[in-house]
Structures are given as C-alpha cells and as structure tokens.
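Visitor: Can you read through this structure? Questions will come right after.
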Amino acid sequence: MQENGLFLHSAELDHCESTVAPPAATMSPGRQGGGGGWLKHFPGLSRMRSGSVLTYPLIGVAFFVAFVYFSFGDFKPSPGLAEMSFVERKGTQFVVDGRAFYVNGWNSYWMLDQAAEEFSKSRVTEMFQIGAKMGMTVCRTWAFNDGTYHALQVSLGIFDERVFRALDWVIVEARRHGIRLLLSLVNNLQHYGGKTQYVKWAWDEGIGLSSSNDSFFFDPAIRKYFKIYLKTILTRKNHLTGIEYRDDPTIFAWELMNEPQCASDSSGDTLQEWFEDTSEFVKSIDHKHLLTIGLEGFYGPVSSQEKQSINPGKWYGTLGSDFLSNSKISHVDFASVHIYPDQWLLKADFNEKTNYISKWVTSHIEDGDRELHKPVMFTEFGLSKKSKDFENSQRVTFYRSIFDKIYESAKKNGAGGGAMIWQLLVPGMEEYSDDYGIIPGLTPSVDSLLKEQSCRLMSLRLKKDSSDRSPTIC
C-alpha cells in the first residue's frame, strides 16, 4: 500500500493500521547519532527534465511512449556498474571468486541521512571516492532510521519511499566506486530510533508488553514488526537497478544490530534466543549474503573465567551478550568486535590502553581460529582525541597495533578478517564529527597508514600476481 510517498508493509499483522501515519517531526541537526562515540547529526528531491515538443505526430507519440516506458516501467537502463561477485566464507576466511578477501574498511554511519537530500548527496560520493583511492574495500553504514529526522521507517511497518530511494542510490554509488557495504539493521542505542523507538511505538499503540527498552527482544508484537522491517529491507527492489537487495553483491553483509545489550537478563538467554531466531529469519529470506550480529565482543557468564578476565571490567560481562556462544550460532557467518579503550579504561594511560587492546584483539582472533572456526571482524575501533595528553601520533601507533595483528593473522590464513575504523568524514562535516572522527587529508600520517594496510592486505590476496594490483593505490 502506498500513499503520499509512504508505503505500508503490515498486512500480515493482526493490528493493521487503516491510515498512514504522518512522518515524525523534524529533529534538530544537533541531536546525537550512534556507534562507538556520541555523534552529532546533520540535517529527496526528485527532478524531471522537460522534453521538447516534437513537430511530427508519429515521432511525438513514439517519444511519449518511450518516455513513459523508461520513466515508469520496470525496465531500467544499465547504470554501467562493474561486475561484482558475492563475498562468501570458507572456514576462517572471506573469499571472493576463490581468493581470500581481507577487509580494510571504515565507518560512515551517515550515508543514508546525507543521501536523503540533494544538497548533501555529494558528500556520499566524495567519501566513496576517498575510500577507493586509499584501497579500502568495505564501508559500514546504517540501513535504518526509525521515527527520527529523515526516517526510513516513520512508524511501525510504514516506510518513506523517498528515503528508501536514497538508500537505493547509496548502494549504487558504492558499487560504482568498487566499495562494498556492511549494512546495520537496527540500533541498540536510542540514536536513529533504535530498539527504544520500537518499544515506544508498540506501547503507544497499546500492543506492547512493557515500556522497558529490553522488551524489544522478547515482546512478540515488536518481534513481528521488526521481522516485517527485515523482510522489507531484504526484498527491496532497487529502483535504479531493478535488483533486490538480497540479490545485490554490493552488500558485503548484514549486521543484525549495532552493539546489542540486554542488561535486564545478564544470563544471556534473552539475547541468545533473539539472535538465533532473528538470524534464522534473515537467512530464510537471504541465503546469499553473509550475516553478523554486531557484538562489542564482551565475554558473558557462560564463558570461562579465563575469557571473562579479558573483559575491560566485571560489569561488561553482565550486559546480556557472550561473544563465544552468540557467535557460534549456525546462521552467523562471522564474528564482530569493537575496540574503544578510552570508554572502557578511563584511568589508563596510552601505553596501558595499547597493551590491553593487544590482548583483546589476540584473544578474539584466537577464538575465531580455535573455537568458532569463523572470520573475526573488528567492525569499529577508535582512539578519542579527548584523551589525556592526546597526540595524533598516538592514533598511528594505536591503529598500527591493530592492523599488524590483522596482517599477521591473514599471512597465516587465520581468522583475522579485517578492521573498520570509526569514523571517516569529508571536509565540511566537522560539526558532525565526534571524539573519533577523521577527515582524510587533514592527518596525512593516518591516511598513509590506511593506504599501507590496504596494500598489505591486497598483496596477500593477489600473492605473486601483481598484474591485478592497482598502481594508483599501491
């Protein structure tokens, strides 16, 4: 059902709305974003070219028919996109066309938001251009915006077609630059709506069991609506290519949730059941793409005391997740881990943080090799510029320590599948940055390091076949 640019996907539900709700009220650009840091937010226009009036009636009729066919029909002219194969998993490695595939990637969570307005779309293009020039392979970004400014889902089961078209464009633009996307499907945090928005919607509709944020994981009505959202995303047909998202190899993988936590059940049972059910549902619709959870990597009470001692503190083991048991789920293709020593070790100096993170990264790669037999991806990592005695050189040291661990694992065909820096932006977006934001070009030492890691991983993928190596990158 479609009305005023919005369309409804809730016919399967017992509680189906008879009218389409209006879009959520516009939120100030100063609101917070999501991810590892506290982010500021920033604020689809369509256009038609008018054709000239043709003199000859027959030619005019033919022109009109062609115009209608190309503008409104199912046929879409090819945008000239490069051929791309799906990324698959073989044991502890990602593979593409039979070759190992390593990820040197980045986070730009704001892609969908910026693509929703014509004046800011160029930032998306510029970011992809910068990533490609540095040899980076995957960008992690949000494929959700629930009930906030530029909402994709404006209320339960109701979506804004204009914003969906913006996401279509982001996917096409990524492929045009040879970049793959890791698309996150919902936020544990309140930014961009997240699980809090689902709970509020259900509570306001009178169908929710509880107003507790954690009811997102156990309320049957909320789970039903979230599955409608998932099915809508997975089966979305891109209006620019005619390809459903589940059939598009531009998408590297799906991420169930950004940093899932359920502190109301520290045993981990609630999250484990939700991960099992939701991952099975995703795979029942899309068996072509890889799937990860979006974990931070903490070890819960079901893990050994030795593993729990790796956590930055005892509290982190009470958040309802467990890296090992969650990542062992059969439908989960690779494990995800985050790295934020500034948030975890508030009193530690730089050397203490670096030493701790070395142990953290090593532990999780070893888990991938010995326990999970799956790749491990460090999907967010960063060092805050607000740290005591911060210097940019510390970022180079810190990032290199992570990159070296990935490279050493990759050289041995190990589980270290890659890492993704949080976060990259383009010039002019300084006000939208956080403690971790980096604008390539302003810190040449970091730029060089990112490019160096791309080249190291590329050399492993191509081995002795240097003919495939891009001279413009390495």
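Here's how to read the names in the structure tokens: chain A, B, ... by the order shown, residue numbers from 1 in each chain, ligand numbers from 1 in the order shown.
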Need to verify the contact set: Trp344 of chain A, 7 Å, only C-alpha atoms, exclusion of same-chain residues closer than 3 positions in sequence. Can you return it as a PyMOL selection string?

Guide: chain A and resi 312+340-341

Visitor: Those selected residues, please, written with N, CA, C and O atoms and delivered as an mmCIF file, in the first residue's frame.

Guide:
data_model
loop_
_atom_site.group_PDB
_atom_site.id
_atom_site.type_symbol
_atom_site.label_atom_id
_atom_site.label_comp_id
_atom_site.auth_asym_id
_atom_site.auth_seq_id
_atom_site.Cartn_x
_atom_site.Cartn_y
_atom_site.Cartn_z
ATOM 1 N N PRO A 312 37.182 -5.635 29.851
ATOM 2 C CA PRO A 312 37.791 -4.461 30.488
ATOM 3 C C PRO A 312 37.382 -4.273 31.946
ATOM 4 O O PRO A 312 37.983 -3.480 32.663
ATOM 5 N N TYR A 340 37.302 0.162 21.977
ATOM 6 C CA TYR A 340 37.231 1.530 22.489
ATOM 7 C C TYR A 340 37.880 1.639 23.874
ATOM 8 O O TYR A 340 37.195 1.730 24.890
ATOM 9 N N PRO A 341 39.200 1.629 23.936
ATOM 10 C CA PRO A 341 39.873 1.675 25.236
ATOM 11 C C PRO A 341 39.584 2.949 26.026
ATOM 12 O O PRO A 341 39.600 2.926 27.264
#

Visitor: Nearest to Ala143 of chain A: which of A:Trp110, A:Thr125, A:Glu118, A:Ile158 is it, counting only C-alpha atoms?

Guide: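 For Ala143 of chain A, the nearest of the given residues is A:Trp110.
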
Visitor: Restrict the calculation to only C-alpha atoms, then for each residue of segment 309-334 of chain A with any atom at most 6 Å from an atom of segment 287-301 of chain A give the closest atom pair and their distance in Å to one decimal, rows by chain and rising residue number, as a Markdown table.

Guide:
| residue | atom | partner | partner_atom | distance |
| --- | --- | --- | --- | --- |
| A:Asn311 | CA | A:Phe298 | CA | 6.0 |
| A:Gly317 | CA | A:Gly300 | CA | 4.5 |
| A:Ser321 | CA | A:Gly300 | CA | 5.9 |
| A:Asp322 | CA | A:Gly300 | CA | 4.3 |
| A:Phe323 | CA | A:Gly297 | CA | 5.1 |
| A:Val332 | CA | A:Thr292 | CA | 5.4 |
| A:Asp333 | CA | A:Leu291 | CA | 5.3 |
| A:Phe334 | CA | A:Thr292 | CA | 5.5 |

Visitor: Counting only C-alpha atoms, what is within 6 Å of Trp106 of chain A, bar same-chain residues fewer than 3 positions away, as a list in words?

Guide: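 Listed by chain and then number, they are Cys139, Met420 and Ile421 of chain A.
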
Visitor: Produce a table with one row for each residue of segment 107-170 of chain A that has an atom at most 8 Å from any atom of segment 234-242 of chain A, each row naming the nearest atom pair and its distance in Å at one decimal; use only C-alpha atoms; arrange rows by chain and rising residue number; format as a tab-separated table.

Guide:
residue	atom	partner	partner_atom	distance
A:Arg165	CA	A:His239	CA	6.9
A:Asp168	CA	A:Asn238	CA	5.3
A:Trp169	CA	A:Leu240	CA	7.2

Visitor: What does the structure give for the distance between atom CA of Lys451 of chain A and atom CA of Ala415 of chain A, in Å to one decimal?

Guide: 21.7 Å

Visitor: Taking 5 positions as the minimum chain separation for residues in the same chain, which residues sit within 8 Å of segment 176-186 of chain A when counting only C-alpha atoms? Answer as a ChimeraX atom specification.

Guide: /A:81-82,128-129,131-132,136-145,171,194-195,230,249-258,294

Visitor: Within segment 92-208 of chain A, find each residue whose DSSP state, derived from the backbone, is strand (DSSP E or B), and express the selection as a ChimeraX atom specification.

Guide: /A:93-96,99-101,103-107,138-142,146,153-155,158-160,180-184,187

Visitor: Neighbours of Pro375 of chain A within 9 Å (only C-alpha atoms; same-chain residues fewer than 6 positions away dropped), as a list of chain:residue names?

Guide: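 Skipping anything fewer than 6 positions along the chain leaves A:Arg89, A:Lys90, A:Gly91, A:Thr92, A:Gln93, A:Phe94, A:Asp333, A:Phe334, A:Ala335, A:Ser336, A:Ile365, A:Gly368, A:Asp369, A:Gly414, A:Ala415, A:Gly416, A:Gly417, A:Gly418.
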
Visitor: Show me, as a ChimeraX atom specification, the residues that have an atom within 7 Å of Val426 of chain A when counting only C-alpha atoms, minus same-chain residues fewer than 2 positions from it.

Guide: /A:123,127,428-429,439

Visitor: If DSSP is run on the backbone, what residues of segment 327-447 of chain A are helix (DSSP H, G or I)? A reply as a PyMOL selection string would be ideal.

Guide: chain A and resi 327+341-344+350-372+392-411+430-432+444-447

Visitor: Tell me, in Å to one decimal, how far atom CA of Gln305 of chain A is from atom CA of Asp269 of chain A.

Guide: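 If I compute the distance from atom CA of Gln305 of chain A to atom CA of Asp269 of chain A, I get 18.5 Å.
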
Visitor: I'd like the contact shell of Ile402 of chain A - 8 Å cut-off, only C-alpha atoms, skipping same-chain residues fewer than 4 positions apart - returned as a PDB file with C-alpha atoms, in the first residue's frame.

Guide:
ATOM      1  CA  SER A 358      46.793  -6.109  22.037  1.00  0.00           C
ATOM      2  CA  VAL A 361      42.495  -8.409  19.694  1.00  0.00           C
ATOM      3  CA  PHE A 398      47.298   2.505  18.165  1.00  0.00           C
ATOM      4  CA  ILE A 406      45.141  -8.473  11.332  1.00  0.00           C
ATOM      5  CA  ALA A 419      39.109  -3.982  10.673  1.00  0.00           C
TER       6      ALA A 419
END
